[in-house]
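For reference, query.csv (CSV, C-alpha atoms):
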chain,number,residue,atom,x,y,z
A,1,MET,CA,51.3,-28.0,-30.4
A,2,HIS,CA,49.2,-30.9,-29.2
A,3,ILE,CA,50.9,-33.2,-26.8
A,4,SER,CA,49.1,-36.3,-25.6
A,5,ARG,CA,49.2,-36.6,-21.8
A,6,SER,CA,49.5,-40.4,-22.2
A,7,LEU,CA,53.0,-39.9,-23.6
A,8,VAL,CA,54.4,-37.3,-21.3
A,9,GLY,CA,52.0,-37.0,-18.6
A,10,ALA,CA,52.8,-35.5,-15.3
A,11,LEU,CA,53.8,-35.5,-12.0
A,12,LEU,CA,55.1,-34.3,-8.4
A,13,LEU,CA,57.6,-34.3,-5.6
A,14,VAL,CA,58.8,-34.3,-2.1
A,15,SER,CA,58.3,-32.1,0.9
A,16,LEU,CA,55.2,-30.0,0.2
A,17,GLY,CA,55.3,-29.4,3.9
A,18,LEU,CA,52.7,-30.7,6.3
A,19,ALA,CA,50.6,-27.7,5.9
A,20,CYS,CA,48.9,-29.0,2.7
A,21,LEU,CA,48.2,-32.3,4.3
A,22,GLN,CA,46.6,-31.2,7.6
A,23,PRO,CA,43.5,-33.2,8.3
A,24,ALA,CA,40.8,-30.8,7.0
A,25,TRP,CA,38.1,-32.9,8.8
A,26,ALA,CA,39.5,-31.8,12.1
A,27,ALA,CA,38.3,-28.3,11.5
A,28,ASP,CA,34.7,-27.1,11.6
A,29,ASP,CA,34.8,-26.9,7.8
A,30,ALA,CA,36.2,-30.0,6.1
A,31,LEU,CA,36.9,-28.1,2.9
A,32,PRO,CA,38.1,-24.7,4.0
A,33,SER,CA,39.6,-23.7,0.6
A,34,TRP,CA,36.3,-24.2,-1.1
A,35,GLN,CA,33.7,-21.5,-1.5
A,36,ASP,CA,30.3,-22.3,-0.2
A,37,GLY,CA,28.3,-23.1,-3.3
A,38,ALA,CA,26.8,-25.9,-5.4
A,39,ALA,CA,30.0,-27.8,-6.1
A,40,LYS,CA,31.1,-28.0,-2.5
A,41,GLN,CA,27.5,-28.8,-1.3
A,42,ALA,CA,27.3,-31.6,-3.9
A,43,ILE,CA,30.5,-33.2,-2.6
A,44,VAL,CA,29.5,-32.9,1.1
A,45,ASP,CA,26.0,-34.2,0.4
A,46,PHE,CA,27.3,-37.2,-1.6
A,47,VAL,CA,29.8,-38.1,1.1
A,48,ALA,CA,27.0,-37.8,3.8
A,49,HIS,CA,24.7,-40.0,1.8
A,50,VAL,CA,27.1,-42.9,1.1
A,51,THR,CA,28.5,-42.9,4.7
A,52,THR,CA,25.2,-42.8,6.6
A,53,ARG,CA,24.8,-46.3,7.9
A,54,GLY,CA,21.2,-47.6,7.4
A,55,GLY,CA,20.5,-44.9,4.8
A,56,PRO,CA,19.2,-45.8,1.3
A,57,ALA,CA,22.5,-44.7,-0.3
A,58,PHE,CA,24.9,-46.3,2.1
A,59,VAL,CA,28.1,-47.8,0.6
A,60,PRO,CA,30.4,-50.1,2.6
A,61,GLU,CA,33.9,-48.8,3.0
A,62,SER,CA,35.3,-51.6,0.9
A,63,GLU,CA,33.4,-50.1,-2.1
A,64,ARG,CA,34.2,-46.5,-1.5
A,65,ILE,CA,36.7,-46.1,-4.3
A,66,ALA,CA,37.6,-42.6,-5.6
A,67,THR,CA,39.7,-42.0,-8.6
A,68,PHE,CA,41.4,-38.8,-9.6
A,69,ASP,CA,43.2,-37.7,-12.7
A,70,ASN,CA,46.5,-35.9,-11.9
A,71,ASP,CA,47.5,-33.3,-14.6
A,72,GLY,CA,45.1,-30.4,-14.4
A,73,THR,CA,43.0,-32.1,-11.7
A,74,LEU,CA,45.4,-32.3,-8.8
A,75,TRP,CA,48.2,-30.1,-10.0
A,76,ALA,CA,48.9,-27.6,-12.8
A,77,GLU,CA,49.3,-28.8,-16.4
A,78,GLN,CA,50.1,-25.5,-18.2
A,79,PRO,CA,52.0,-24.3,-20.1
A,80,MET,CA,53.0,-28.0,-20.6
A,81,TYR,CA,52.6,-31.2,-18.7
A,82,ILE,CA,55.1,-31.3,-15.9
A,83,GLN,CA,56.4,-34.7,-17.1
A,84,MET,CA,57.1,-33.1,-20.5
A,85,ALA,CA,59.2,-30.4,-18.7
A,86,PHE,CA,61.1,-33.3,-17.1
A,87,VAL,CA,61.6,-34.9,-20.5
A,88,LEU,CA,63.0,-31.7,-22.0
A,89,ASP,CA,65.4,-31.1,-19.1
A,90,ARG,CA,66.6,-34.8,-19.3
A,91,VAL,CA,67.3,-34.4,-23.0
A,92,LYS,CA,69.5,-31.4,-22.3
A,93,ALA,CA,71.2,-33.2,-19.4
A,94,LEU,CA,72.0,-36.3,-21.5
A,95,ALA,CA,72.9,-34.4,-24.7
A,96,PRO,CA,76.7,-34.5,-24.0
A,97,GLN,CA,76.6,-38.3,-24.0
A,98,HIS,CA,74.8,-38.3,-27.4
A,99,PRO,CA,76.5,-35.9,-29.8
A,100,LYS,CA,74.4,-37.2,-32.7
A,101,TRP,CA,71.3,-35.6,-31.1
A,102,ARG,CA,72.5,-32.2,-32.3
A,103,ASP,CA,71.5,-33.2,-35.8
A,104,GLN,CA,68.7,-35.6,-35.1
A,105,GLN,CA,65.1,-34.7,-34.6
A,106,PRO,CA,63.2,-34.3,-32.3
A,107,PHE,CA,66.3,-34.0,-30.1
A,108,LYS,CA,67.7,-31.2,-32.2
A,109,ALA,CA,64.5,-29.2,-31.7
A,110,VAL,CA,64.7,-29.6,-27.9
A,111,LEU,CA,68.3,-28.5,-27.8
A,112,GLU,CA,67.6,-25.5,-30.0
A,113,GLY,CA,64.4,-24.6,-28.3
A,114,ASP,CA,62.5,-24.9,-31.6
A,115,LEU,CA,59.0,-25.6,-30.4
A,116,LYS,CA,57.6,-25.5,-34.0
A,117,ALA,CA,59.9,-28.3,-35.1
A,118,LEU,CA,59.2,-30.2,-31.9
A,119,ALA,CA,55.5,-30.1,-32.6
A,120,ALA,CA,56.1,-31.2,-36.2
A,121,SER,CA,57.7,-34.4,-34.8
A,122,GLY,CA,54.3,-35.5,-33.7
A,123,GLU,CA,53.5,-38.5,-31.6
A,124,LYS,CA,56.5,-40.5,-32.8
A,125,GLY,CA,58.8,-37.7,-31.8
A,126,MET,CA,57.2,-37.6,-28.3
A,127,ILE,CA,57.7,-41.4,-28.0
A,128,ASP,CA,61.3,-41.1,-29.1
A,129,LEU,CA,62.0,-38.4,-26.4
A,130,GLY,CA,60.2,-40.5,-23.8
A,131,MET,CA,62.1,-43.7,-24.5
A,132,ALA,CA,65.4,-41.9,-24.6
A,133,THR,CA,64.9,-40.2,-21.3
A,134,HIS,CA,62.9,-42.8,-19.4
A,135,ALA,CA,64.5,-46.2,-20.3
A,136,GLY,CA,67.9,-47.9,-20.1
A,137,MET,CA,68.1,-47.7,-16.3
A,138,THR,CA,66.8,-49.6,-13.3
A,139,THR,CA,63.6,-48.6,-11.7
A,140,GLN,CA,65.5,-47.4,-8.6
A,141,GLU,CA,67.8,-45.3,-10.7
A,142,PHE,CA,64.8,-43.7,-12.5
A,143,GLU,CA,63.1,-43.0,-9.1
A,144,GLN,CA,66.2,-41.1,-7.9
A,145,ILE,CA,66.4,-39.1,-11.1
A,146,VAL,CA,62.8,-38.0,-10.7
A,147,LYS,CA,63.3,-37.1,-7.0
A,148,ASP,CA,66.5,-35.1,-7.8
A,149,TRP,CA,64.8,-33.2,-10.6
A,150,LEU,CA,61.7,-32.3,-8.6
A,151,ALA,CA,63.9,-31.1,-5.7
A,152,THR,CA,65.2,-28.3,-7.9
A,153,ALA,CA,62.9,-27.8,-10.9
A,154,LYS,CA,60.5,-24.8,-10.7
A,155,HIS,CA,57.4,-23.8,-12.5
A,156,PRO,CA,58.2,-21.2,-15.2
A,157,ARG,CA,55.4,-18.9,-14.3
A,158,PHE,CA,55.0,-19.3,-10.6
A,159,ASN,CA,58.7,-19.8,-9.8
A,160,ARG,CA,57.8,-22.4,-7.1
A,161,PRO,CA,58.6,-26.1,-7.0
A,162,TYR,CA,56.2,-28.2,-9.0
A,163,THR,CA,55.1,-29.9,-5.8
A,164,GLU,CA,53.8,-26.6,-4.7
A,165,CYS,CA,51.7,-26.2,-7.8
A,166,VAL,CA,49.2,-28.7,-6.5
A,167,TYR,CA,45.6,-27.5,-5.9
A,168,GLN,CA,45.0,-27.0,-2.2
A,169,PRO,CA,41.2,-27.5,-2.5
A,170,MET,CA,41.8,-30.9,-4.1
A,171,VAL,CA,44.4,-31.9,-1.5
A,172,GLU,CA,41.7,-31.1,1.1
A,173,LEU,CA,39.2,-33.2,-0.8
A,174,LEU,CA,41.5,-36.2,-0.9
A,175,ALA,CA,42.0,-36.0,2.9
A,176,TYR,CA,38.3,-35.4,3.5
A,177,LEU,CA,37.3,-38.5,1.5
A,178,ARG,CA,39.9,-40.7,3.3
A,179,ALA,CA,38.6,-39.5,6.6
A,180,ASN,CA,35.2,-40.8,5.5
A,181,GLY,CA,36.4,-44.2,4.6
A,182,PHE,CA,37.2,-43.7,0.9
A,183,LYS,CA,40.3,-45.2,-0.7
A,184,THR,CA,41.8,-42.6,-3.1
A,185,TYR,CA,43.6,-43.5,-6.3
A,186,ILE,CA,45.4,-41.5,-9.0
A,187,VAL,CA,44.4,-42.7,-12.5
A,188,SER,CA,46.6,-40.6,-14.9
A,189,GLY,CA,48.0,-40.7,-18.4
A,190,GLY,CA,51.3,-39.7,-16.8
A,191,GLY,CA,54.0,-42.2,-16.2
A,192,ILE,CA,53.3,-44.4,-13.2
A,193,GLU,CA,57.0,-44.4,-12.1
A,194,PHE,CA,57.2,-40.7,-12.6
A,195,MET,CA,54.4,-40.2,-10.1
A,196,ARG,CA,55.0,-42.9,-7.5
A,197,PRO,CA,58.1,-41.4,-5.9
A,198,TRP,CA,56.2,-38.4,-4.5
A,199,THR,CA,52.5,-38.9,-4.5
A,200,GLU,CA,52.4,-40.3,-0.9
A,201,GLN,CA,54.2,-37.3,0.6
A,202,VAL,CA,52.3,-34.7,-1.5
A,203,TYR,CA,48.8,-36.2,-1.8
A,204,GLY,CA,48.8,-38.9,0.9
A,205,ILE,CA,48.3,-41.5,-1.9
A,206,PRO,CA,50.7,-44.4,-1.6
A,207,PRO,CA,52.5,-45.8,-4.7
A,208,GLU,CA,50.3,-48.9,-4.9
A,209,GLN,CA,47.3,-46.6,-5.4
A,210,VAL,CA,48.8,-44.9,-8.4
A,211,VAL,CA,47.7,-46.1,-11.9
A,212,GLY,CA,49.4,-44.6,-14.9
A,213,SER,CA,51.1,-45.3,-18.2
A,214,THR,CA,54.0,-47.7,-18.2
A,215,ILE,CA,56.9,-48.9,-20.2
A,216,LYS,CA,58.1,-52.5,-20.2
A,217,THR,CA,60.5,-53.7,-17.5
A,218,THR,CA,62.5,-56.9,-17.2
A,219,PHE,CA,64.1,-58.7,-14.3
A,220,GLU,CA,67.9,-59.0,-14.4
A,221,MET,CA,70.8,-59.8,-12.2
A,222,ARG,CA,73.4,-57.1,-12.0
A,223,ASP,CA,76.6,-58.0,-10.1
A,224,GLY,CA,74.7,-60.6,-8.1
A,225,THR,CA,71.9,-58.1,-7.3
A,226,PRO,CA,68.3,-58.5,-8.7
A,227,VAL,CA,67.1,-55.3,-10.5
A,228,LEU,CA,64.2,-54.3,-12.8
A,229,MET,CA,65.4,-52.7,-16.0
A,230,ARG,CA,63.3,-50.1,-17.8
A,231,LEU,CA,63.0,-51.0,-21.5
A,232,PRO,CA,62.4,-48.5,-24.4
A,233,GLU,CA,59.0,-50.0,-25.2
A,234,ILE,CA,55.5,-48.9,-24.3
A,235,ASP,CA,53.6,-51.3,-22.2
A,236,PHE,CA,50.3,-49.6,-21.3
A,237,ILE,CA,48.8,-46.2,-22.0
A,238,ASP,CA,46.5,-45.1,-19.2
A,239,ASP,CA,44.6,-42.3,-21.0
A,240,LYS,CA,41.1,-41.9,-22.5
A,241,ALA,CA,39.6,-45.3,-23.1
A,242,GLY,CA,42.7,-46.8,-21.3
A,243,LYS,CA,41.6,-45.4,-18.0
A,244,PRO,CA,38.6,-47.7,-17.4
A,245,VAL,CA,40.8,-50.6,-18.5
A,246,GLY,CA,43.5,-49.5,-16.0
A,247,ILE,CA,41.0,-49.2,-13.2
A,248,ASN,CA,39.7,-52.7,-13.9
A,249,LYS,CA,43.2,-54.1,-14.3
A,250,PHE,CA,44.9,-52.5,-11.3
A,251,ILE,CA,42.1,-51.6,-8.9
A,252,GLY,CA,39.5,-54.3,-9.6
A,253,ARG,CA,36.5,-52.2,-8.4
A,254,ARG,CA,34.5,-49.6,-10.3
A,255,PRO,CA,34.8,-46.2,-8.5
A,256,ILE,CA,31.8,-44.5,-7.0
A,257,LEU,CA,33.5,-41.1,-7.3
A,258,ALA,CA,35.8,-39.9,-10.1
A,259,PHE,CA,37.3,-36.5,-10.8
A,260,GLY,CA,39.0,-35.3,-14.0
A,261,ASN,CA,39.5,-32.1,-16.0
A,262,SER,CA,39.7,-33.0,-19.6
A,263,ASP,CA,38.4,-35.2,-22.4
A,264,GLY,CA,41.2,-37.6,-21.5
A,265,ASP,CA,39.2,-38.3,-18.4
A,266,HIS,CA,35.8,-38.6,-20.2
A,267,GLN,CA,35.7,-42.4,-20.4
A,268,MET,CA,36.7,-42.8,-16.7
A,269,LEU,CA,33.8,-40.6,-15.7
A,270,GLN,CA,31.4,-42.5,-18.1
A,271,TRP,CA,32.6,-45.8,-16.6
A,272,THR,CA,32.0,-44.5,-13.1
A,273,ALA,CA,28.5,-43.2,-14.0
A,274,ALA,CA,27.5,-46.5,-15.5
A,275,GLY,CA,27.8,-48.3,-12.2
A,276,SER,CA,24.8,-49.1,-9.9
A,277,GLY,CA,24.0,-47.1,-6.8
A,278,PRO,CA,25.1,-43.6,-5.9
A,279,ARG,CA,27.8,-42.0,-8.2
A,280,PHE,CA,29.7,-38.8,-8.2
A,281,MET,CA,31.4,-37.5,-11.4
A,282,GLY,CA,33.4,-34.2,-11.2
A,283,LEU,CA,35.3,-32.0,-13.5
A,284,VAL,CA,37.7,-29.2,-12.6
A,285,HIS,CA,37.0,-26.4,-15.1
A,286,HIS,CA,40.0,-24.1,-15.5
A,287,THR,CA,38.4,-20.6,-15.5
A,288,ASP,CA,40.9,-18.5,-13.6
A,289,ALA,CA,43.4,-16.8,-15.9
A,290,GLU,CA,44.6,-14.5,-13.2
A,291,ARG,CA,45.5,-17.1,-10.5
A,292,GLU,CA,46.2,-20.0,-12.9
A,293,TRP,CA,44.8,-20.4,-16.4
A,294,ALA,CA,41.5,-20.3,-18.3
A,295,TYR,CA,41.1,-23.0,-21.0
A,296,ASP,CA,38.8,-25.7,-22.2
A,297,ARG,CA,37.4,-26.5,-25.6
A,298,ILE,CA,40.3,-25.4,-27.9
A,299,SER,CA,43.3,-26.0,-25.7
A,300,SER,CA,46.1,-28.2,-27.0
A,301,ILE,CA,46.8,-29.3,-23.5
A,302,GLY,CA,43.9,-30.5,-21.2
A,303,ARG,CA,41.2,-29.9,-23.8
A,304,LEU,CA,37.8,-30.1,-22.2
A,305,ASP,CA,35.0,-30.3,-24.8
A,306,GLU,CA,33.0,-33.5,-25.1
A,307,ALA,CA,33.3,-34.3,-21.4
A,308,LEU,CA,32.0,-30.8,-20.5
A,309,ASP,CA,29.0,-31.3,-22.8
A,310,GLU,CA,28.1,-34.6,-21.2
A,311,ALA,CA,28.7,-33.1,-17.7
A,312,LEU,CA,26.3,-30.3,-18.4
A,313,THR,CA,23.7,-32.6,-20.0
A,314,LYS,CA,23.8,-35.2,-17.3
A,315,GLY,CA,24.3,-33.1,-14.2
A,316,TRP,CA,27.8,-34.0,-13.3
A,317,THR,CA,29.5,-31.6,-10.9
A,318,VAL,CA,31.6,-29.0,-12.7
A,319,VAL,CA,34.0,-27.1,-10.4
A,320,ASP,CA,34.5,-23.5,-11.6
A,321,MET,CA,38.0,-22.8,-10.4
A,322,LYS,CA,37.5,-19.0,-10.3
A,323,GLN,CA,34.2,-19.2,-8.5
A,324,ASP,CA,34.5,-22.3,-6.3
A,325,TRP,CA,38.1,-22.1,-4.9
A,326,LYS,CA,39.2,-19.5,-2.4
A,327,ILE,CA,42.8,-20.3,-3.2
A,328,ILE,CA,44.5,-22.3,-5.9
A,329,PHE,CA,47.9,-23.4,-4.5
A,330,PRO,CA,49.0,-24.0,-0.9
A,331,PRO,CA,51.1,-21.4,0.8
A,332,SER,CA,54.7,-21.7,-0.4
A,333,SER,CA,57.0,-23.5,2.0
A,334,ARG,CA,60.2,-22.2,0.3
A,335,HIS,CA,61.5,-18.7,-0.2

Target encoding structure tokens, full file:
Amino acid sequence: MHISRSLVGALLLVSLGLACLQPAWAADDALPSWQDGAAKQAIVDFVAHVTTRGGPAFVPESERIATFDNDGTLWAEQPMYIQMAFVLDRVKALAPQHPKWRDQQPFKAVLEGDLKALAASGEKGMIDLGMATHAGMTTQEFEQIVKDWLATAKHPRFNRPYTECVYQPMVELLAYLRANGFKTYIVSGGGIEFMRPWTEQVYGIPPEQVVGSTIKTTFEMRDGTPVLMRLPEIDFIDDKAGKPVGINKFIGRRPILAFGNSDGDHQMLQWTAAGSGPRFMGLVHHTDAEREWAYDRISSIGRLDEALDEALTKGWTVVDMKQDWKIIFPPSSRH
């Protein structure tokens, strides 16, 4: 079952606890959850080079733009994108208001747990599910729905809130970069308004620094109050070749550092690499089946194939999850 991240994407929550956002730079080791090795050294060396005033690779703070994919790069994306889990739960919650869904695909497949039929519905089916669960409400109403869902939903394997399925080493990296004058952005195929309600609390990335896929919205007056209504129509897909377009459209500067984990991030890394001056391109390679998952070239979710080939050919940094990370997730704040 191949599900495009651009259609169902991903994303996170509230209250991860301050533990995961402690300023790593305050310690002797700015990246304590990273094993000493080539990947960590490449990151530290790059940051040192671009922040050394007077040095040949110095980059002014205004140009220190770092972009990160979300699903599979900052938090888990298996066994399905987290936003897809949200979509399926929303279909079930809304089903009593839509009795026809019991006989209408792909809703029937969701309600019956028929993954084969759901896969057979293809891209059109995924769009139908997304529009039915993400549109027809105000932006504020949707934001509250996302927050409420994330407050109770748990990962099926780890039995912990999805917001605690973020990668602790990457949370440290985000903080480390910001401490060194970088501005960190999320550039994800996931829905922008699915991510914005929680990214600041979980990653330290404010909503205005989140770039993602969007559906159309329109301004309306409701009982004398201005609102933005979410329409059942795709506006922009921030995935694959859409990522450089989104970066140009919403950020306006080419990043000097970019991190991804799949072929969906390939063009973002290529766009970053094509700029002048120092550049850092990184990939998170999922190699740890015991602590998380091991997948790459043949995975239906988060496939890493062509981007991996280019990374190995051009010397981009490939982070081996099993070898390079001491821990995967932050300590649980809930019991």

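Take the candidates A:Asp128, A:Asp263, A:Asp223, A:Asp296 and check each one against Phe107 of chain A using only C-alpha atoms; the shortest distance goes to A:Asp128.
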
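Among A:Gly122, A:Gly282, A:Gly275, A:Gly204, the residue with the shortest atom-to-atom distance to Ser262 of chain A, counting only C-alpha atoms, is A:Gly282.
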
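The shortest atom-to-atom distance to Pro244 of chain A, with only C-alpha atoms taken into account, belongs to A:Val187 out of A:Ile215, A:Val187, A:Met195, A:Ala119.
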
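In terms of minimum interatomic distance to Gly55 of chain A, A:Pro278 ranks closest within A:Pro226, A:Gly72, A:Pro278, A:Pro331, counting all atoms listed in the file.
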
List as a PDB file with C-alpha atoms, keeping the file's coordinate frame: which residues have an atom within 9 Å of (41.0, -39.7, -18.3), counting only C-alpha atoms?
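Produced file out.pdb, reproduced below:
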ATOM      1  CA  PHE A  68      41.400 -38.800  -9.600  1.00  0.00           C
ATOM      2  CA  ASP A  69      43.200 -37.700 -12.700  1.00  0.00           C
ATOM      3  CA  VAL A 187      44.400 -42.700 -12.500  1.00  0.00           C
ATOM      4  CA  SER A 188      46.600 -40.600 -14.900  1.00  0.00           C
ATOM      5  CA  GLY A 189      48.000 -40.700 -18.400  1.00  0.00           C
ATOM      6  CA  ASP A 238      46.500 -45.100 -19.200  1.00  0.00           C
ATOM      7  CA  ASP A 239      44.600 -42.300 -21.000  1.00  0.00           C
ATOM      8  CA  LYS A 240      41.100 -41.900 -22.500  1.00  0.00           C
ATOM      9  CA  ALA A 241      39.600 -45.300 -23.100  1.00  0.00           C
ATOM     10  CA  GLY A 242      42.700 -46.800 -21.300  1.00  0.00           C
ATOM     11  CA  LYS A 243      41.600 -45.400 -18.000  1.00  0.00           C
ATOM     12  CA  PRO A 244      38.600 -47.700 -17.400  1.00  0.00           C
ATOM     13  CA  PHE A 259      37.300 -36.500 -10.800  1.00  0.00           C
ATOM     14  CA  GLY A 260      39.000 -35.300 -14.000  1.00  0.00           C
ATOM     15  CA  ASN A 261      39.500 -32.100 -16.000  1.00  0.00           C
ATOM     16  CA  SER A 262      39.700 -33.000 -19.600  1.00  0.00           C
ATOM     17  CA  ASP A 263      38.400 -35.200 -22.400  1.00  0.00           C
ATOM     18  CA  GLY A 264      41.200 -37.600 -21.500  1.00  0.00           C
ATOM     19  CA  ASP A 265      39.200 -38.300 -18.400  1.00  0.00           C
ATOM     20  CA  HIS A 266      35.800 -38.600 -20.200  1.00  0.00           C
ATOM     21  CA  GLN A 267      35.700 -42.400 -20.400  1.00  0.00           C
ATOM     22  CA  MET A 268      36.700 -42.800 -16.700  1.00  0.00           C
ATOM     23  CA  LEU A 269      33.800 -40.600 -15.700  1.00  0.00           C
TER      24      LEU A 269
END

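Near Met131 of chain A, within a cut-off of 8 Å and counting all atoms listed in the file, sit the residues Ile127, Ala135, Leu231, Pro232 and Glu233 of chain A, with same-chain residues fewer than 4 positions away left out.
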
Kindly save the residues from that selection, with C-alpha atoms included, as a PDB file, keeping the file's coordinate frame.
ATOM      1  CA  ILE A 127      57.700 -41.400 -28.000  1.00  0.00           C
ATOM      2  CA  ALA A 135      64.500 -46.200 -20.300  1.00  0.00           C
ATOM      3  CA  LEU A 231      63.000 -51.000 -21.500  1.00  0.00           C
ATOM      4  CA  PRO A 232      62.400 -48.500 -24.400  1.00  0.00           C
ATOM      5  CA  GLU A 233      59.000 -50.000 -25.200  1.00  0.00           C
TER       6      GLU A 233
END

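You will find atom CA of Leu129 of chain A at 19.4 Å from atom CA of Asp71 of chain A.
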
request  = For a cut-off of 8 Å around (34.5, -49.8, -5.2), file coordinates, pick out all residues using only C-alpha atoms and list them as a VMD selection string.
outcome  = chain A and resid 62 to 66 253 to 256

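Comparing A:Gln104, A:Asn248, A:Thr225, A:Asn180 by their smallest distance to Ala48 of chain A, the closest is A:Asn180 (using only C-alpha atoms).
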
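Taking atom CA of Trp34 of chain A as the reference point, atom CA of Trp325 of chain A is found at 4.7 Å.
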
ask   = Which one is closest to Ile186 of chain A: A:Gln144, A:Gln97, A:Asn70, A:Ser33? Count only C-alpha atoms.
value = A:Asn70

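We find atom CA of His98 of chain A and atom CA of Leu150 of chain A to be spaced 23.7 Å apart.
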
Against segment 299-307 of chain A, which residues of segment 55-147 of chain A fall within 10 Å? For each one I want the closest pair of atoms and the distance in Å (one decimal), counting only C-alpha atoms, rows by chain and increasing residue number, as a tab-separated table.
residue	atom	partner	partner_atom	distance
A:Asp71	CA	A:Gly302	CA	8.0
A:Gly72	CA	A:Gly302	CA	6.9
A:Thr73	CA	A:Gly302	CA	9.7
A:Glu77	CA	A:Gly302	CA	7.4
A:Gln78	CA	A:Ile301	CA	7.3
A:Pro79	CA	A:Ile301	CA	8.0
A:Met80	CA	A:Ile301	CA	7.0
A:Tyr81	CA	A:Ile301	CA	7.8

Is it possible to add all heavy atoms to segment 36-41 of chain A and hand it back as a compact mmCIF listing (two decimals), in the coordinates of the input?
# COMPACT_ATOMS: atom_id res chain seq x y z
N ASP A 36 31.59 -21.67 -0.39
CA ASP A 36 30.30 -22.30 -0.20
C ASP A 36 29.49 -22.09 -1.52
O ASP A 36 29.39 -21.00 -2.05
CB ASP A 36 29.53 -21.58 0.93
CG ASP A 36 30.14 -21.87 2.28
OD1 ASP A 36 30.75 -22.96 2.42
OD2 ASP A 36 30.05 -21.01 3.18
N GLY A 37 29.00 -23.18 -2.03
CA GLY A 37 28.30 -23.10 -3.30
C GLY A 37 27.85 -24.50 -3.73
O GLY A 37 27.98 -25.49 -2.98
N ALA A 38 27.35 -24.61 -4.95
CA ALA A 38 26.80 -25.90 -5.40
C ALA A 38 27.78 -26.99 -5.49
O ALA A 38 27.46 -28.14 -5.15
CB ALA A 38 26.12 -25.63 -6.79
N ALA A 39 29.00 -26.71 -5.93
CA ALA A 39 30.00 -27.80 -6.10
C ALA A 39 30.39 -28.36 -4.73
O ALA A 39 30.40 -29.58 -4.54
CB ALA A 39 31.24 -27.23 -6.80
N LYS A 40 30.70 -27.49 -3.79
CA LYS A 40 31.10 -28.00 -2.50
C LYS A 40 29.92 -28.71 -1.81
O LYS A 40 30.12 -29.78 -1.20
CB LYS A 40 31.49 -26.77 -1.59
CG LYS A 40 31.88 -27.13 -0.17
CD LYS A 40 32.33 -25.89 0.60
CE LYS A 40 32.72 -26.22 2.02
NZ LYS A 40 33.22 -25.01 2.74
N GLN A 41 28.71 -28.18 -1.96
CA GLN A 41 27.50 -28.80 -1.30
C GLN A 41 27.29 -30.19 -1.95
O GLN A 41 26.94 -31.14 -1.25
CB GLN A 41 26.30 -27.94 -1.52
CG GLN A 41 25.14 -28.35 -0.63
CD GLN A 41 25.48 -28.27 0.85
OE1 GLN A 41 25.97 -27.24 1.31
NE2 GLN A 41 25.24 -29.35 1.59
